[in-house]
Every structure is written in structure tokens, then in C-alpha cells.
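What follows is the content of coords03.csv (CSV, C-alpha atoms).
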```csv
chain,number,residue,atom,x,y,z
U,1,MET,CA,263.2,72.3,81.1
U,2,LYS,CA,265.5,71.3,84.0
U,3,GLN,CA,262.5,69.8,85.8
U,4,LYS,CA,261.5,67.8,82.7
U,5,ASN,CA,265.0,66.5,82.3
U,6,PHE,CA,265.0,65.4,85.9
U,7,HIS,CA,261.7,63.5,85.4
U,8,LEU,CA,263.1,62.0,82.2
U,9,ILE,CA,266.2,60.7,84.2
U,10,LEU,CA,263.9,59.1,86.7
U,11,LEU,CA,261.9,57.5,84.0
U,12,LEU,CA,264.9,56.2,82.1
U,13,SER,CA,266.6,54.9,85.2
U,14,ILE,CA,263.5,53.0,86.5
U,15,SER,CA,263.0,51.5,83.0
U,16,VAL,CA,266.6,50.2,83.1
U,17,ILE,CA,266.1,48.7,86.5
U,18,LEU,CA,262.8,47.2,85.4
U,19,VAL,CA,264.3,45.5,82.4
U,20,THR,CA,267.3,44.3,84.4
U,21,SER,CA,265.0,42.8,87.0
U,22,GLY,CA,263.4,40.7,84.3
U,23,ILE,CA,266.7,38.8,83.7
U,24,ASN,CA,266.6,35.5,85.5
U,25,PRO,CA,264.2,36.4,88.3
U,26,HIS,CA,263.6,33.9,91.1
U,27,ASP,CA,260.1,33.1,89.8
U,28,ARG,CA,258.9,34.6,86.4
U,29,PHE,CA,255.2,34.5,87.4
U,30,THR,CA,255.9,36.2,90.7
U,31,TRP,CA,258.1,38.8,88.9
U,32,PHE,CA,255.2,39.6,86.6
U,33,LEU,CA,252.7,40.0,89.4
U,34,GLU,CA,255.0,42.2,91.5
U,35,VAL,CA,256.2,44.6,88.8
U,36,PHE,CA,252.8,44.9,87.2
U,37,PRO,CA,251.6,47.7,89.6
U,38,ALA,CA,254.8,49.6,89.0
U,39,VAL,CA,254.4,49.3,85.2
U,40,ILE,CA,250.7,50.5,85.4
U,41,GLY,CA,251.7,53.4,87.6
U,42,ILE,CA,254.4,54.5,85.2
U,43,ILE,CA,252.0,54.3,82.3
U,44,VAL,CA,249.5,56.4,84.1
U,45,LEU,CA,252.1,59.0,85.1
U,46,ILE,CA,253.3,59.3,81.5
U,47,THR,CA,249.8,59.6,80.0
U,48,THR,CA,248.7,62.2,82.5
U,49,TYR,CA,252.0,64.2,82.6
U,50,ASN,CA,250.8,67.1,80.5
U,51,LYS,CA,247.7,67.5,82.6
U,52,PHE,CA,249.1,67.0,86.1
U,53,ILE,CA,252.8,67.3,87.0
U,54,PHE,CA,253.6,66.3,90.6
U,55,ALA,CA,256.2,67.9,92.8
U,56,ASN,CA,259.7,66.5,92.4
U,57,LEU,CA,259.5,65.0,96.0
U,58,THR,CA,256.5,63.0,94.9
U,59,TYR,CA,258.2,61.7,91.7
U,60,ILE,CA,261.3,60.7,93.8
U,61,LEU,CA,259.1,58.8,96.2
U,62,ILE,CA,257.3,57.1,93.4
U,63,TRP,CA,260.7,56.1,91.9
U,64,PHE,CA,261.7,54.5,95.2
U,65,HIS,CA,258.4,52.7,95.5
U,66,ALA,CA,258.8,51.3,92.0
U,67,VAL,CA,262.3,50.1,92.9
U,68,ILE,CA,260.9,48.3,96.0
U,69,LEU,CA,258.3,46.6,93.9
U,70,ILE,CA,260.8,45.6,91.1
U,71,VAL,CA,263.4,44.3,93.6
U,72,GLY,CA,260.6,42.3,95.3
U,73,GLY,CA,259.6,40.9,92.0
U,74,HIS,CA,263.1,39.8,91.0
U,75,TYR,CA,264.0,38.1,94.3
U,76,THR,CA,260.4,37.6,95.7
U,77,TYR,CA,259.7,39.4,99.0
U,78,ALA,CA,260.5,36.4,101.1
U,79,GLU,CA,264.0,35.9,99.6
U,80,MET,CA,265.4,39.4,99.2
U,81,PRO,CA,269.1,38.9,99.9
U,82,LEU,CA,269.7,42.0,102.1
U,83,PHE,CA,266.8,41.1,104.4
U,84,ASN,CA,267.8,37.5,104.4
U,85,TRP,CA,271.1,38.7,105.8
U,86,LEU,CA,269.4,40.8,108.4
U,87,ARG,CA,267.2,37.9,109.4
U,88,ASP,CA,270.2,35.6,109.8
U,89,THR,CA,272.5,38.1,111.4
U,90,PHE,CA,269.9,39.3,114.0
U,91,ASP,CA,268.2,36.0,114.4
U,92,LEU,CA,264.8,37.4,113.2
U,93,SER,CA,261.8,35.2,112.7
U,94,ARG,CA,261.4,36.0,109.0
U,95,ASN,CA,262.6,38.1,106.0
U,96,TYR,CA,261.0,41.5,106.7
U,97,TYR,CA,261.3,42.9,103.2
U,98,ASP,CA,257.6,42.2,102.8
U,99,ARG,CA,256.8,44.4,105.9
U,100,PHE,CA,259.1,47.1,104.5
U,101,GLY,CA,257.3,47.0,101.2
U,102,HIS,CA,253.9,47.3,102.8
U,103,PHE,CA,255.1,50.2,105.0
U,104,ALA,CA,256.1,51.9,101.7
U,105,GLN,CA,252.7,51.0,100.3
U,106,GLY,CA,251.2,53.4,102.8
U,107,PHE,CA,254.0,55.9,103.2
U,108,ILE,CA,254.5,56.8,99.5
U,109,PRO,CA,250.9,56.7,98.1
U,110,ALA,CA,250.0,59.0,101.0
U,111,ILE,CA,252.0,61.8,99.5
U,112,ILE,CA,250.6,61.2,96.0
U,113,ILE,CA,247.0,61.2,97.4
U,114,ARG,CA,247.6,64.3,99.5
U,115,GLU,CA,249.0,66.2,96.5
U,116,ILE,CA,246.0,65.4,94.4
U,117,LEU,CA,243.6,66.3,97.2
U,118,ILE,CA,245.4,69.6,98.1
U,119,ARG,CA,245.9,70.8,94.5
U,120,LYS,CA,242.4,69.9,93.4
U,121,LYS,CA,241.0,71.4,96.6
U,122,ILE,CA,238.8,68.4,97.3
U,123,ALA,CA,238.9,68.6,101.1
U,124,LYS,CA,238.0,71.8,103.1
U,125,ASN,CA,241.0,71.6,105.4
U,126,ILE,CA,244.3,69.7,106.1
U,127,ALA,CA,242.7,67.7,108.9
U,128,TRP,CA,240.1,66.2,106.4
U,129,THR,CA,242.8,65.9,103.8
U,130,ASN,CA,245.0,63.8,106.1
U,131,PHE,CA,242.0,61.6,107.2
U,132,ILE,CA,240.9,60.9,103.6
U,133,THR,CA,244.6,60.2,102.7
U,134,VAL,CA,245.1,57.6,105.4
U,135,SER,CA,241.7,56.1,104.7
U,136,ILE,CA,242.5,55.7,101.0
U,137,CYS,CA,245.9,54.2,101.7
U,138,LEU,CA,244.3,51.6,104.0
U,139,ALA,CA,241.7,50.9,101.3
U,140,ILE,CA,244.5,50.4,98.7
U,141,SER,CA,246.3,48.0,101.0
U,142,ALA,CA,243.1,46.0,101.6
U,143,SER,CA,242.3,45.9,97.9
U,144,TYR,CA,245.8,44.6,97.2
U,145,GLU,CA,245.3,41.8,99.8
U,146,ILE,CA,242.0,40.9,98.1
U,147,ILE,CA,243.8,40.8,94.7
U,148,GLU,CA,246.4,38.5,96.3
U,149,PHE,CA,243.6,36.3,97.6
U,150,ILE,CA,241.9,36.1,94.1
U,151,VAL,CA,245.2,35.3,92.4
U,152,ALA,CA,245.9,32.5,95.0
U,153,VAL,CA,242.5,31.0,94.5
U,154,ILE,CA,242.8,31.0,90.7
U,155,THR,CA,246.5,29.9,90.4
U,156,GLY,CA,246.9,27.7,93.5
U,157,GLU,CA,250.5,26.8,94.5
U,158,SER,CA,251.8,29.1,91.7
U,159,ALA,CA,251.0,32.1,93.9
U,160,THR,CA,252.9,30.9,97.0
U,161,ALA,CA,255.9,33.2,96.3
U,162,PHE,CA,253.6,36.1,95.5
U,163,LEU,CA,251.7,35.8,98.8
U,164,GLY,CA,255.0,35.5,100.8
U,165,THR,CA,253.2,34.8,104.0
U,166,GLN,CA,256.3,32.8,105.3
U,167,GLY,CA,254.0,30.7,107.5
U,168,ASP,CA,252.4,33.6,109.3
U,169,VAL,CA,248.6,33.1,109.5
U,170,TRP,CA,248.2,36.8,110.3
U,171,ASP,CA,250.4,38.0,107.4
U,172,THR,CA,247.5,39.7,105.6
U,173,GLN,CA,246.5,41.7,108.7
U,174,TRP,CA,250.1,42.7,109.4
U,175,ASP,CA,250.5,43.9,105.8
U,176,MET,CA,247.5,46.2,106.2
U,177,ILE,CA,248.7,47.4,109.6
U,178,PHE,CA,252.1,48.3,108.2
U,179,ALA,CA,250.5,50.2,105.3
U,180,LEU,CA,248.3,52.1,107.7
U,181,PHE,CA,251.2,52.9,109.9
U,182,GLY,CA,253.2,54.0,106.9
U,183,SER,CA,250.5,56.4,105.7
U,184,ILE,CA,250.2,58.0,109.2
U,185,VAL,CA,254.0,58.3,109.5
U,186,SER,CA,254.1,59.9,106.0
U,187,VAL,CA,251.5,62.5,106.9
U,188,LEU,CA,253.1,63.3,110.3
U,189,THR,CA,256.7,63.6,109.0
U,190,LEU,CA,256.4,64.9,105.4
U,191,GLY,CA,253.0,66.6,105.5
U,192,LYS,CA,254.1,70.1,106.4
U,193,TYR,CA,257.1,70.0,104.2
U,194,HIS,CA,255.0,68.7,101.3
U,195,GLU,CA,252.4,71.5,101.8
U,196,ASN,CA,255.1,74.1,101.7
U,197,LEU,CA,256.4,72.7,98.4
U,198,LEU,CA,253.0,72.8,96.9
U,199,LYS,CA,252.5,76.5,98.0
U,200,ASN,CA,255.8,77.4,96.3
U,201,LYS,CA,254.8,75.5,93.2
U,202,GLN,CA,251.6,77.6,92.8
```

Encoded form (C-alpha cells):
Amino acid sequence: MKQKNFHLILLLSISVILVTSGINPHDRFTWFLEVFPAVIGIIVLITTYNKFIFANLTYILIWFHAVILIVGGHYTYAEMPLFNWLRDTFDLSRNYYDRFGHFAQGFIPAIIIREILIRKKIAKNIAWTNFITVSICLAISASYEIIEFIVAVITGESATAFLGTQGDVWDTQWDMIFALFGSIVSVLTLGKYHENLLKNKQ
């Protein structure tokens, strides 16, 4: 019961943050595009909850990832105030919230994917589990870039804030590199701890 209450708190709090983010966003179209993956993810977690309950660590990370997406949707990734301050204070070349978001795009899904692979016993050993995890994270990142491309082609200038390239012609490649790096860091830093959590959960 305590675990379910904790999960309910996470759900209610992210719902409040989501609704609040929709109040006077920087760009309504961009807000919709950025928060859409978070909304879909939340719906999937709710509908599958009785069949597959993740470890609390995984839910906490998902919560943080949703916050990153929602904040990016409200301000746009290129205009997130804290990272604007970091850019101006340290004379950086750009607002790096976008890079932070793509690092999270690899770091957090890696734990979700590993948990499914481990608990469903899909891979024979941890080495293969980690390899498949990192590969899927990179595939997700590449797929997201393709979606951004399609949206940009269809909507034209309306997708400028959504793309958030900030004048970098290599932005797409950097996004995928950061997602790849995030997934590898996740596996190396949280992998063993996550495995122990899952053993105790069984």
C-alpha cells in the first residue's frame, strides 16, 4: 500500500506540473510537441500498472524525465531560463538545456529498458542486456530526430522552436551522441545498484 501511495504521489505531482506548464507557454505548438511524449508515457504506465510495476528508482527517474520534457515544453529548450543564465554567466556558445535533455533521453530510458530485459529474462547475461539497452536508447534517440525532421518538413517555420538547433548544423548528431553517452553512463553508474534492487524485489 505504501508503494502504491508513493506512485500515486508521483502521478499527481507530475499531473500538476503538466497542467501548470500549459499556462502561457512560450509557444503553444512547441509545448504540445514537447509534452506529448511525457503524456503518452504516463498513459502507458497507468494502463500497464497492474501487469508490470517498476522499481521505485525507475518511477523516480521517469518522473524527472517527464519534468525535463515539460519544462522544455513550457520555455522551449533554447530558452530555458536557468540554462540561459548559465550561458550568459559562463559565456557559453548556447543554451545547453537541449543537450541536458538528450543526455536524460539516454540515461533514464536505459534503466527502464534494463528492468524490462532483466525481469522478462530476454537476454542471457548482463553484458548482452547492457548492449541491447544502449542500442535501443540510441535507436530511440535517432527515431526522435526523424520525428523532428518530419514535423519540420510538414510545419515549416512553426517547428523552429521545437527543433532548437540554435544555429548548429551538427545539432542532430550531437543530440544522438549525448543520448548514447547518457545510456552508457546510466549502465555504468546505476547498473549494479539497479540489479540489486530487482533481486530484492523478486

Open item on the list: Give me the residues near Arg87 in chain U as a VMD selection string, where near means some atom within 10 Å (using all atoms listed in the file) and where sequence neighbours in that chain fewer than 6 positions away do not count.
Closed with: chain U and resid 81 93 to 97

TODO: Quick one: everything within 8 Å of range 7-12 of chain U, counting all atoms listed in the file, minus sequence neighbours fewer than 5 positions away in the same chain. Send it as a list in words.
DONE: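 These residues fall inside the cut-off: Asn56, Tyr59, Ile60 and Trp63 of chain U.
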
TODO: Could you check how far CA of Ile177 in chain U sits from CA of Trp128 in chain U, in Å to one decimal?
DONE: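 According to the coordinates, CA of Ile177 in chain U and CA of Trp128 in chain U are separated by 20.9 Å.
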
Open item on the list: Restricting the calculation to only C-alpha atoms: of U:Phe54, U:Phe64, U:Phe6, U:Phe181, which residue gets closest to His194 in chain U?
Closed with: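 Looking only at the distances to His194 in chain U, the closest residue turns out to be U:Phe54.
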
Open item on the list: Given all atoms listed in the file as the basis, pick out the residue of U:His102, U:His65, U:Lys4, U:Lys199 nearest to Leu180 in chain U.
Closed with: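 Checking each candidate against Leu180 in chain U, we get U:His102 as the closest.
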
Open item on the list: Set the distance at 8 Å and use only C-alpha atoms: which residues neighbour range 141-145 of chain U once local chain neighbours fewer than 5 positions away are removed? I'd like the list as number ranges by chain.
Closed with: U: 102, 105-106, 172, 175-176, 179

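The two atoms in question, CA of Thr189 in chain U and CA of Cys137 in chain U, are spaced 16.1 Å apart.
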
Task: Polymer residues at most 8 Å from range 36-47 of chain U, only C-alpha atoms, same-chain spacing of 4 or more positions, as a list in words - done: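 Near neighbours after the sequence-gap exclusion: Phe32, Ala66, Leu69 and Ile70 of chain U.
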
TODO: In Å, rounded to a single decimal, give me how far CA of Ser13 in chain U is from CA of Gly73 in chain U.
DONE: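 The value is 17.1 Å.
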
Open item on the list: Could you list, as JSON, numbers by chain, every residue within 12 Å of range 115-126 of chain U, counting all atoms listed in the file and ignoring same-chain residues fewer than 4 positions away?
Closed with: {"U": [52, 53, 54, 55, 56, 57, 58, 59, 108, 109, 110, 111, 130, 131, 132, 133, 136, 187, 188, 190, 191, 192, 193, 194, 195, 196, 197, 198, 199, 201, 202]}

Using the partial input, fill out range 140-151 of chain U with all heavy atoms; write the result as an mmCIF file, in the coordinates of the input.
```cif
data_model
loop_
_atom_site.group_PDB
_atom_site.id
_atom_site.type_symbol
_atom_site.label_atom_id
_atom_site.label_comp_id
_atom_site.auth_asym_id
_atom_site.auth_seq_id
_atom_site.Cartn_x
_atom_site.Cartn_y
_atom_site.Cartn_z
ATOM 1 N N ILE U 140 243.569 50.963 99.723
ATOM 2 C CA ILE U 140 244.500 50.400 98.700
ATOM 3 C C ILE U 140 245.115 49.151 99.169
ATOM 4 O O ILE U 140 245.198 48.153 98.451
ATOM 5 C CB ILE U 140 245.518 51.472 98.289
ATOM 6 C CG1 ILE U 140 244.871 52.650 97.554
ATOM 7 C CG2 ILE U 140 246.602 50.829 97.421
ATOM 8 C CD1 ILE U 140 245.813 53.805 97.286
ATOM 9 N N SER U 141 245.599 49.174 100.415
ATOM 10 C CA SER U 141 246.300 48.000 101.000
ATOM 11 C C SER U 141 245.284 46.825 101.075
ATOM 12 O O SER U 141 245.635 45.698 100.709
ATOM 13 C CB SER U 141 246.796 48.330 102.383
ATOM 14 O OG SER U 141 247.403 47.191 102.967
ATOM 15 N N ALA U 142 244.067 47.099 101.542
ATOM 16 C CA ALA U 142 243.100 46.000 101.600
ATOM 17 C C ALA U 142 242.711 45.478 100.264
ATOM 18 O O ALA U 142 242.560 44.265 100.087
ATOM 19 C CB ALA U 142 241.806 46.570 102.327
ATOM 20 N N SER U 143 242.619 46.364 99.273
ATOM 21 C CA SER U 143 242.300 45.900 97.900
ATOM 22 C C SER U 143 243.415 45.038 97.363
ATOM 23 O O SER U 143 243.149 44.042 96.677
ATOM 24 C CB SER U 143 242.139 47.159 96.994
ATOM 25 O OG SER U 143 241.057 47.966 97.429
ATOM 26 N N TYR U 144 244.673 45.389 97.677
ATOM 27 C CA TYR U 144 245.800 44.600 97.200
ATOM 28 C C TYR U 144 245.764 43.192 97.833
ATOM 29 O O TYR U 144 246.062 42.196 97.163
ATOM 30 C CB TYR U 144 247.112 45.288 97.568
ATOM 31 C CG TYR U 144 248.316 44.706 96.866
ATOM 32 C CD1 TYR U 144 248.589 45.029 95.542
ATOM 33 C CD2 TYR U 144 249.175 43.829 97.519
ATOM 34 C CE1 TYR U 144 249.689 44.499 94.884
ATOM 35 C CE2 TYR U 144 250.273 43.282 96.872
ATOM 36 C CZ TYR U 144 250.519 43.625 95.553
ATOM 37 O OH TYR U 144 251.607 43.078 94.919
ATOM 38 N N GLU U 145 245.371 43.126 99.103
ATOM 39 C CA GLU U 145 245.300 41.800 99.800
ATOM 40 C C GLU U 145 244.157 40.985 99.136
ATOM 41 O O GLU U 145 244.285 39.759 99.010
ATOM 42 C CB GLU U 145 244.995 42.009 101.264
ATOM 43 C CG GLU U 145 246.100 42.712 102.030
ATOM 44 C CD GLU U 145 247.441 42.007 101.927
ATOM 45 O OE1 GLU U 145 247.466 40.758 101.905
ATOM 46 O OE2 GLU U 145 248.474 42.698 101.852
ATOM 47 N N ILE U 146 243.076 41.629 98.723
ATOM 48 C CA ILE U 146 242.000 40.900 98.100
ATOM 49 C C ILE U 146 242.461 40.383 96.707
ATOM 50 O O ILE U 146 242.137 39.250 96.320
ATOM 51 C CB ILE U 146 240.759 41.844 97.874
ATOM 52 C CG1 ILE U 146 240.141 42.165 99.237
ATOM 53 C CG2 ILE U 146 239.715 41.202 96.952
ATOM 54 C CD1 ILE U 146 239.050 43.214 99.189
ATOM 55 N N ILE U 147 243.244 41.195 95.996
ATOM 56 C CA ILE U 147 243.800 40.800 94.700
ATOM 57 C C ILE U 147 244.707 39.547 94.922
ATOM 58 O O ILE U 147 244.660 38.572 94.153
ATOM 59 C CB ILE U 147 244.575 41.909 94.039
ATOM 60 C CG1 ILE U 147 243.602 43.005 93.601
ATOM 61 C CG2 ILE U 147 245.380 41.391 92.844
ATOM 62 C CD1 ILE U 147 244.271 44.260 93.108
ATOM 63 N N GLU U 148 245.556 39.599 95.966
ATOM 64 C CA GLU U 148 246.400 38.500 96.300
ATOM 65 C C GLU U 148 245.585 37.202 96.538
ATOM 66 O O GLU U 148 245.936 36.104 96.092
ATOM 67 C CB GLU U 148 247.288 38.760 97.508
ATOM 68 C CG GLU U 148 248.428 39.730 97.244
ATOM 69 C CD GLU U 148 249.347 39.864 98.441
ATOM 70 O OE1 GLU U 148 248.957 39.423 99.548
ATOM 71 O OE2 GLU U 148 250.452 40.403 98.276
ATOM 72 N N PHE U 149 244.487 37.374 97.266
ATOM 73 C CA PHE U 149 243.600 36.300 97.600
ATOM 74 C C PHE U 149 243.004 35.657 96.288
ATOM 75 O O PHE U 149 242.994 34.437 96.099
ATOM 76 C CB PHE U 149 242.472 36.730 98.500
ATOM 77 C CG PHE U 149 241.302 35.797 98.592
ATOM 78 C CD1 PHE U 149 241.407 34.596 99.280
ATOM 79 C CD2 PHE U 149 240.092 36.107 97.975
ATOM 80 C CE1 PHE U 149 240.326 33.728 99.372
ATOM 81 C CE2 PHE U 149 239.018 35.243 98.046
ATOM 82 C CZ PHE U 149 239.135 34.048 98.749
ATOM 83 N N ILE U 150 242.539 36.531 95.400
ATOM 84 C CA ILE U 150 241.900 36.100 94.100
ATOM 85 C C ILE U 150 242.962 35.332 93.296
ATOM 86 O O ILE U 150 242.674 34.262 92.729
ATOM 87 C CB ILE U 150 241.340 37.263 93.364
ATOM 88 C CG1 ILE U 150 240.150 37.852 94.126
ATOM 89 C CG2 ILE U 150 240.915 36.831 91.953
ATOM 90 C CD1 ILE U 150 239.614 39.139 93.543
ATOM 91 N N VAL U 151 244.182 35.895 93.199
ATOM 92 C CA VAL U 151 245.200 35.300 92.400
ATOM 93 C C VAL U 151 245.572 33.881 93.004
ATOM 94 O O VAL U 151 245.770 32.906 92.274
ATOM 95 C CB VAL U 151 246.513 36.133 92.403
ATOM 96 C CG1 VAL U 151 247.691 35.371 91.789
ATOM 97 C CG2 VAL U 151 246.256 37.412 91.613
#
```
